[in-house]
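Here the structure comes first, spelled out in structure tokens, and everything after it is commentary.
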Amino acid sequence: MYAFLMPRRLDHLVVMSVGHPGVFATPSLEQRAASWYMLFYQFPGVSEELLRRNGWRLFKEIMGREGDHDRYLRDLARPGALTAGLNWYRANRSPEAELRPARPFPPVYAPTLGIWGAGDKALLEEGMAASGKYVKGPWRYERIEDAGHWLPLDAPDEVNKLLLGFLGTERPAHQERRPRRRL
């Protein structure tokens with residue numbers, strides 16, 4: 001959202017796993033099924049209790065062995081941490097959003113690289129692949145076969161190679177204009 005709300009503040013954009021919100025505004029049935037947990041997280045107190053119950057059993061089932069799950073459990077067990085984490089979902093995707101007409105999102109003008117992991121169980125490829133229609137600057141999409149949702153953890157070498165190959169290669173959408181000083 002920052003990229004299209006504040007376009008002059010960045011010259012390149014890299015998005016990993018999560019595509020443009022315009023695509024997610026009208027998700028497919030398959031995407032809705034994959035991201036069911038986002039609706040579950042909307043119930044303050046209830047979701048916290050159920051996620052912690054029985055040694056965090058439900059949380060472990062949702063996460064599987066994705067990412068740095070042992071650290072996540074340690075961090076989320078701290079007082080207030082689980083609610084803070086769930087509040088991110090509560091602030092970004094409310095159930096009411098499903099009832100409102102999809103709002104138009106502005107395009108992204110910066111050169112943009114979208115990276116998606118073929119093993120992502122939460123976000124489907126359609127969300128990243130279709131993001132290109134919301135990018136007015138140069139768009140590049142990369143799929144990493146042996147990675148899931150947590151791309152920098154799953155494939156750090158490949159992600160870093162893509163980042164280094166992309167950043168600085170495209171001309172920025174907005175050149176900084178400073179008056180020249182005369183000597």
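Please note that chains go A, B, ... in the order of the structure tokens, that every chain numbers its residues from 1, and that ligands are numbered from 1 in the order shown.
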
Exercise for the section: Just the residues within 12 Å of A:Arg32, please, counting only C-alpha atoms, with nothing from its chain fewer than 6 positions along; format it as a PyMOL selection string. Expected result: chain A and resi 24-26+38-39+98+121-124+127

Problem - All residues 6 Å or closer to stretch 111-118 of chain A, only C-alpha atoms, same chain fewer than 2 positions away omitted, as a ChimeraX atom specification - result: /A:12-17,120,137-145,147-148

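The spacing separating atom CA of A:Ala81 from atom CA of A:Pro21 amounts to 25.7 Å.
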
Practice task
Name the residues in contact with A:Leu76 at a cut-off of 12 Å, using only C-alpha atoms, excluding same-chain residues fewer than 2 positions from it; report them as a PyMOL selection string.
Solution key: chain A and resi 48+51-52+56+59+69-74+78-86

Convert the current residue selection to file output with N, CA and C atoms, as a PDB file, in the first residue's frame.
```pdb
ATOM      1  N   GLU A  48      -7.231 -16.317  20.339  1.00  0.00           N
ATOM      2  CA  GLU A  48      -6.071 -16.441  21.233  1.00  0.00           C
ATOM      3  C   GLU A  48      -6.188 -17.695  22.097  1.00  0.00           C
ATOM      4  N   LEU A  51      -5.856 -20.938  19.948  1.00  0.00           N
ATOM      5  CA  LEU A  51      -4.498 -21.137  19.436  1.00  0.00           C
ATOM      6  C   LEU A  51      -3.550 -21.638  20.527  1.00  0.00           C
ATOM      7  N   ARG A  52      -3.741 -21.183  21.765  1.00  0.00           N
ATOM      8  CA  ARG A  52      -2.863 -21.588  22.879  1.00  0.00           C
ATOM      9  C   ARG A  52      -3.234 -22.958  23.462  1.00  0.00           C
ATOM     10  N   TRP A  56      -0.564 -25.300  22.276  1.00  0.00           N
ATOM     11  CA  TRP A  56      -0.534 -24.580  21.001  1.00  0.00           C
ATOM     12  C   TRP A  56      -0.827 -25.527  19.823  1.00  0.00           C
ATOM     13  N   PHE A  59      -2.380 -23.841  16.648  1.00  0.00           N
ATOM     14  CA  PHE A  59      -1.374 -22.976  16.031  1.00  0.00           C
ATOM     15  C   PHE A  59      -0.380 -23.817  15.235  1.00  0.00           C
ATOM     16  N   HIS A  69       9.121 -21.774  13.138  1.00  0.00           N
ATOM     17  CA  HIS A  69       7.986 -22.002  14.028  1.00  0.00           C
ATOM     18  C   HIS A  69       8.360 -22.103  15.505  1.00  0.00           C
ATOM     19  N   ASP A  70       9.529 -22.661  15.846  1.00  0.00           N
ATOM     20  CA  ASP A  70       9.925 -22.731  17.264  1.00  0.00           C
ATOM     21  C   ASP A  70      10.108 -21.336  17.846  1.00  0.00           C
ATOM     22  N   ARG A  71      10.732 -20.445  17.087  1.00  0.00           N
ATOM     23  CA  ARG A  71      10.908 -19.069  17.556  1.00  0.00           C
ATOM     24  C   ARG A  71       9.569 -18.350  17.631  1.00  0.00           C
ATOM     25  N   TYR A  72       8.680 -18.616  16.647  1.00  0.00           N
ATOM     26  CA  TYR A  72       7.362 -17.989  16.672  1.00  0.00           C
ATOM     27  C   TYR A  72       6.629 -18.336  17.961  1.00  0.00           C
ATOM     28  N   LEU A  73       6.659 -19.606  18.324  1.00  0.00           N
ATOM     29  CA  LEU A  73       5.974 -20.031  19.551  1.00  0.00           C
ATOM     30  C   LEU A  73       6.572 -19.353  20.777  1.00  0.00           C
ATOM     31  N   ARG A  74       7.889 -19.302  20.852  1.00  0.00           N
ATOM     32  CA  ARG A  74       8.544 -18.627  21.983  1.00  0.00           C
ATOM     33  C   ARG A  74       8.141 -17.164  22.055  1.00  0.00           C
ATOM     34  N   ARG A  78       4.978 -14.722  24.879  1.00  0.00           N
ATOM     35  CA  ARG A  78       5.183 -13.560  25.758  1.00  0.00           C
ATOM     36  C   ARG A  78       3.861 -12.837  25.951  1.00  0.00           C
ATOM     37  N   PRO A  79       3.662 -12.221  27.109  1.00  0.00           N
ATOM     38  CA  PRO A  79       2.389 -11.518  27.376  1.00  0.00           C
ATOM     39  C   PRO A  79       2.083 -10.462  26.300  1.00  0.00           C
ATOM     40  N   GLY A  80       0.886 -10.559  25.737  1.00  0.00           N
ATOM     41  CA  GLY A  80       0.415  -9.590  24.756  1.00  0.00           C
ATOM     42  C   GLY A  80       0.887  -9.827  23.333  1.00  0.00           C
ATOM     43  N   ALA A  81       1.872 -10.688  23.133  1.00  0.00           N
ATOM     44  CA  ALA A  81       2.463 -10.867  21.807  1.00  0.00           C
ATOM     45  C   ALA A  81       1.497 -11.532  20.823  1.00  0.00           C
ATOM     46  N   LEU A  82       0.767 -12.538  21.254  1.00  0.00           N
ATOM     47  CA  LEU A  82      -0.153 -13.215  20.339  1.00  0.00           C
ATOM     48  C   LEU A  82      -1.248 -12.255  19.870  1.00  0.00           C
ATOM     49  N   THR A  83      -1.828 -11.508  20.805  1.00  0.00           N
ATOM     50  CA  THR A  83      -2.864 -10.539  20.432  1.00  0.00           C
ATOM     51  C   THR A  83      -2.295  -9.493  19.480  1.00  0.00           C
ATOM     52  N   ALA A  84      -1.091  -9.029  19.741  1.00  0.00           N
ATOM     53  CA  ALA A  84      -0.473  -8.043  18.841  1.00  0.00           C
ATOM     54  C   ALA A  84      -0.310  -8.627  17.444  1.00  0.00           C
ATOM     55  N   GLY A  85       0.124  -9.861  17.341  1.00  0.00           N
ATOM     56  CA  GLY A  85       0.280 -10.501  16.039  1.00  0.00           C
ATOM     57  C   GLY A  85      -1.047 -10.676  15.320  1.00  0.00           C
ATOM     58  N   LEU A  86      -2.065 -11.087  16.051  1.00  0.00           N
ATOM     59  CA  LEU A  86      -3.388 -11.274  15.447  1.00  0.00           C
ATOM     60  C   LEU A  86      -4.020  -9.941  15.067  1.00  0.00           C
TER      61      LEU A  86
END
```

Problem - For A:Ala130: contacts at 10 Å, only C-alpha atoms, fewer than 5 positions along chain excluded, given as an MDAnalysis selection string - result: chainID A and resid 19:20 22:24 125 135 141

Exercise for the section: Within chain A, find each residue whose DSSP state, derived from the backbone, is strand (DSSP E or B), and express the selection as a VMD selection string. Expected result: chain A and resid 13 to 16 108 112 to 117 135 139 to 144

Residues as selected, C-alpha atoms, written as a PDB file, in the first residue's frame, can you do that?
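New file selection35.pdb:
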```
ATOM      1  CA  LEU A  13       9.554  -2.363  -4.891  1.00  0.00           C
ATOM      2  CA  VAL A  14      10.027  -6.026  -4.035  1.00  0.00           C
ATOM      3  CA  VAL A  15       7.034  -7.976  -2.771  1.00  0.00           C
ATOM      4  CA  MET A  16       7.326 -11.504  -1.434  1.00  0.00           C
ATOM      5  CA  VAL A 108       2.258   0.978  -8.547  1.00  0.00           C
ATOM      6  CA  THR A 112       8.400  -4.057  -9.123  1.00  0.00           C
ATOM      7  CA  LEU A 113       9.636  -7.577  -8.493  1.00  0.00           C
ATOM      8  CA  GLY A 114       7.130 -10.117  -7.180  1.00  0.00           C
ATOM      9  CA  ILE A 115       8.497 -13.333  -5.664  1.00  0.00           C
ATOM     10  CA  TRP A 116       6.314 -16.304  -4.734  1.00  0.00           C
ATOM     11  CA  GLY A 117       7.212 -19.719  -3.310  1.00  0.00           C
ATOM     12  CA  VAL A 135       1.871  -2.221 -11.873  1.00  0.00           C
ATOM     13  CA  TRP A 139       6.951  -5.738 -13.619  1.00  0.00           C
ATOM     14  CA  ARG A 140       8.865  -8.950 -13.070  1.00  0.00           C
ATOM     15  CA  TYR A 141       7.519 -12.144 -11.488  1.00  0.00           C
ATOM     16  CA  GLU A 142       9.715 -14.920 -10.099  1.00  0.00           C
ATOM     17  CA  ARG A 143       8.552 -18.299  -8.758  1.00  0.00           C
ATOM     18  CA  ILE A 144      10.833 -20.212  -6.408  1.00  0.00           C
TER      19      ILE A 144
END
```

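Atom CA of A:Tyr109 is found 27.6 Å from atom CA of A:Asp157.
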
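Each of A:Phe166, A:Tyr134, A:Trp150, A:Phe43 was compared to A:Gly67 using only C-alpha atoms, and A:Trp150 turns out to be the nearest.
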
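As for atom CA of A:Tyr89 and atom CA of A:Arg8, they are spaced 27.2 Å apart.
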
Completion exercise
With distances taken over only C-alpha atoms, the candidate from A:Gln42, A:Ser131, A:Ser47, A:Asn54 nearest A:Asn92 is A:Gln42

Exercise for the section: Report the residues of stretch 59-178 of chain A whose backbone DSSP state falls under helix (DSSP H, G or I), written as a ChimeraX atom specification. Expected result: /A:59-63,69-76,81-92,95-98,125-134,151-154,156-166

Keeping only C-alpha atoms, write the selected residues as an mmCIF file, in the first residue's frame.
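As written to disk, selection_21.cif reads:
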```cif
data_model
loop_
_atom_site.group_PDB
_atom_site.id
_atom_site.type_symbol
_atom_site.label_atom_id
_atom_site.label_comp_id
_atom_site.auth_asym_id
_atom_site.auth_seq_id
_atom_site.Cartn_x
_atom_site.Cartn_y
_atom_site.Cartn_z
ATOM 1 C CA PHE A 59 -1.374 -22.976 16.031
ATOM 2 C CA LYS A 60 1.036 -25.801 15.159
ATOM 3 C CA GLU A 61 -1.521 -27.327 12.792
ATOM 4 C CA ILE A 62 -2.047 -23.992 11.024
ATOM 5 C CA MET A 63 1.679 -23.280 10.755
ATOM 6 C CA HIS A 69 7.986 -22.002 14.028
ATOM 7 C CA ASP A 70 9.925 -22.731 17.264
ATOM 8 C CA ARG A 71 10.908 -19.069 17.556
ATOM 9 C CA TYR A 72 7.362 -17.989 16.672
ATOM 10 C CA LEU A 73 5.974 -20.031 19.551
ATOM 11 C CA ARG A 74 8.544 -18.627 21.983
ATOM 12 C CA ASP A 75 7.878 -15.063 20.882
ATOM 13 C CA LEU A 76 4.075 -15.403 20.813
ATOM 14 C CA ALA A 81 2.463 -10.867 21.807
ATOM 15 C CA LEU A 82 -0.153 -13.215 20.339
ATOM 16 C CA THR A 83 -2.864 -10.539 20.432
ATOM 17 C CA ALA A 84 -0.473 -8.043 18.841
ATOM 18 C CA GLY A 85 0.280 -10.501 16.039
ATOM 19 C CA LEU A 86 -3.388 -11.274 15.447
ATOM 20 C CA ASN A 87 -4.219 -7.578 15.488
ATOM 21 C CA TRP A 88 -2.222 -7.221 12.267
ATOM 22 C CA TYR A 89 -4.801 -9.470 10.564
ATOM 23 C CA ARG A 90 -7.670 -7.709 12.342
ATOM 24 C CA ALA A 91 -6.492 -4.322 11.070
ATOM 25 C CA ASN A 92 -5.810 -5.458 7.513
ATOM 26 C CA PRO A 95 -15.000 -9.628 7.847
ATOM 27 C CA GLU A 96 -16.871 -6.456 6.882
ATOM 28 C CA ALA A 97 -14.472 -6.044 3.958
ATOM 29 C CA GLU A 98 -16.108 -9.089 2.391
ATOM 30 C CA GLU A 125 0.188 -18.099 -7.008
ATOM 31 C CA GLU A 126 -2.771 -16.321 -8.605
ATOM 32 C CA GLY A 127 -2.385 -13.461 -6.113
ATOM 33 C CA MET A 128 1.198 -12.734 -7.081
ATOM 34 C CA ALA A 129 1.005 -13.585 -10.767
ATOM 35 C CA ALA A 130 -2.032 -11.332 -11.319
ATOM 36 C CA SER A 131 -0.405 -8.417 -9.488
ATOM 37 C CA GLY A 132 1.297 -7.300 -12.675
ATOM 38 C CA LYS A 133 -1.943 -5.762 -13.930
ATOM 39 C CA TYR A 134 -1.695 -3.253 -11.044
ATOM 40 C CA LEU A 151 10.859 -17.039 1.296
ATOM 41 C CA PRO A 152 13.900 -15.443 3.018
ATOM 42 C CA LEU A 153 14.044 -18.392 5.422
ATOM 43 C CA ASP A 154 13.295 -21.116 2.880
ATOM 44 C CA PRO A 156 17.853 -17.170 1.292
ATOM 45 C CA ASP A 157 20.465 -17.576 -1.433
ATOM 46 C CA GLU A 158 17.937 -17.495 -4.266
ATOM 47 C CA VAL A 159 16.025 -14.550 -2.748
ATOM 48 C CA ASN A 160 19.251 -12.576 -2.246
ATOM 49 C CA LYS A 161 20.344 -13.330 -5.811
ATOM 50 C CA LEU A 162 17.005 -12.050 -7.124
ATOM 51 C CA LEU A 163 17.191 -8.928 -4.951
ATOM 52 C CA LEU A 164 20.737 -8.093 -5.991
ATOM 53 C CA GLY A 165 19.892 -8.700 -9.633
ATOM 54 C CA PHE A 166 16.818 -6.475 -9.488
#
```
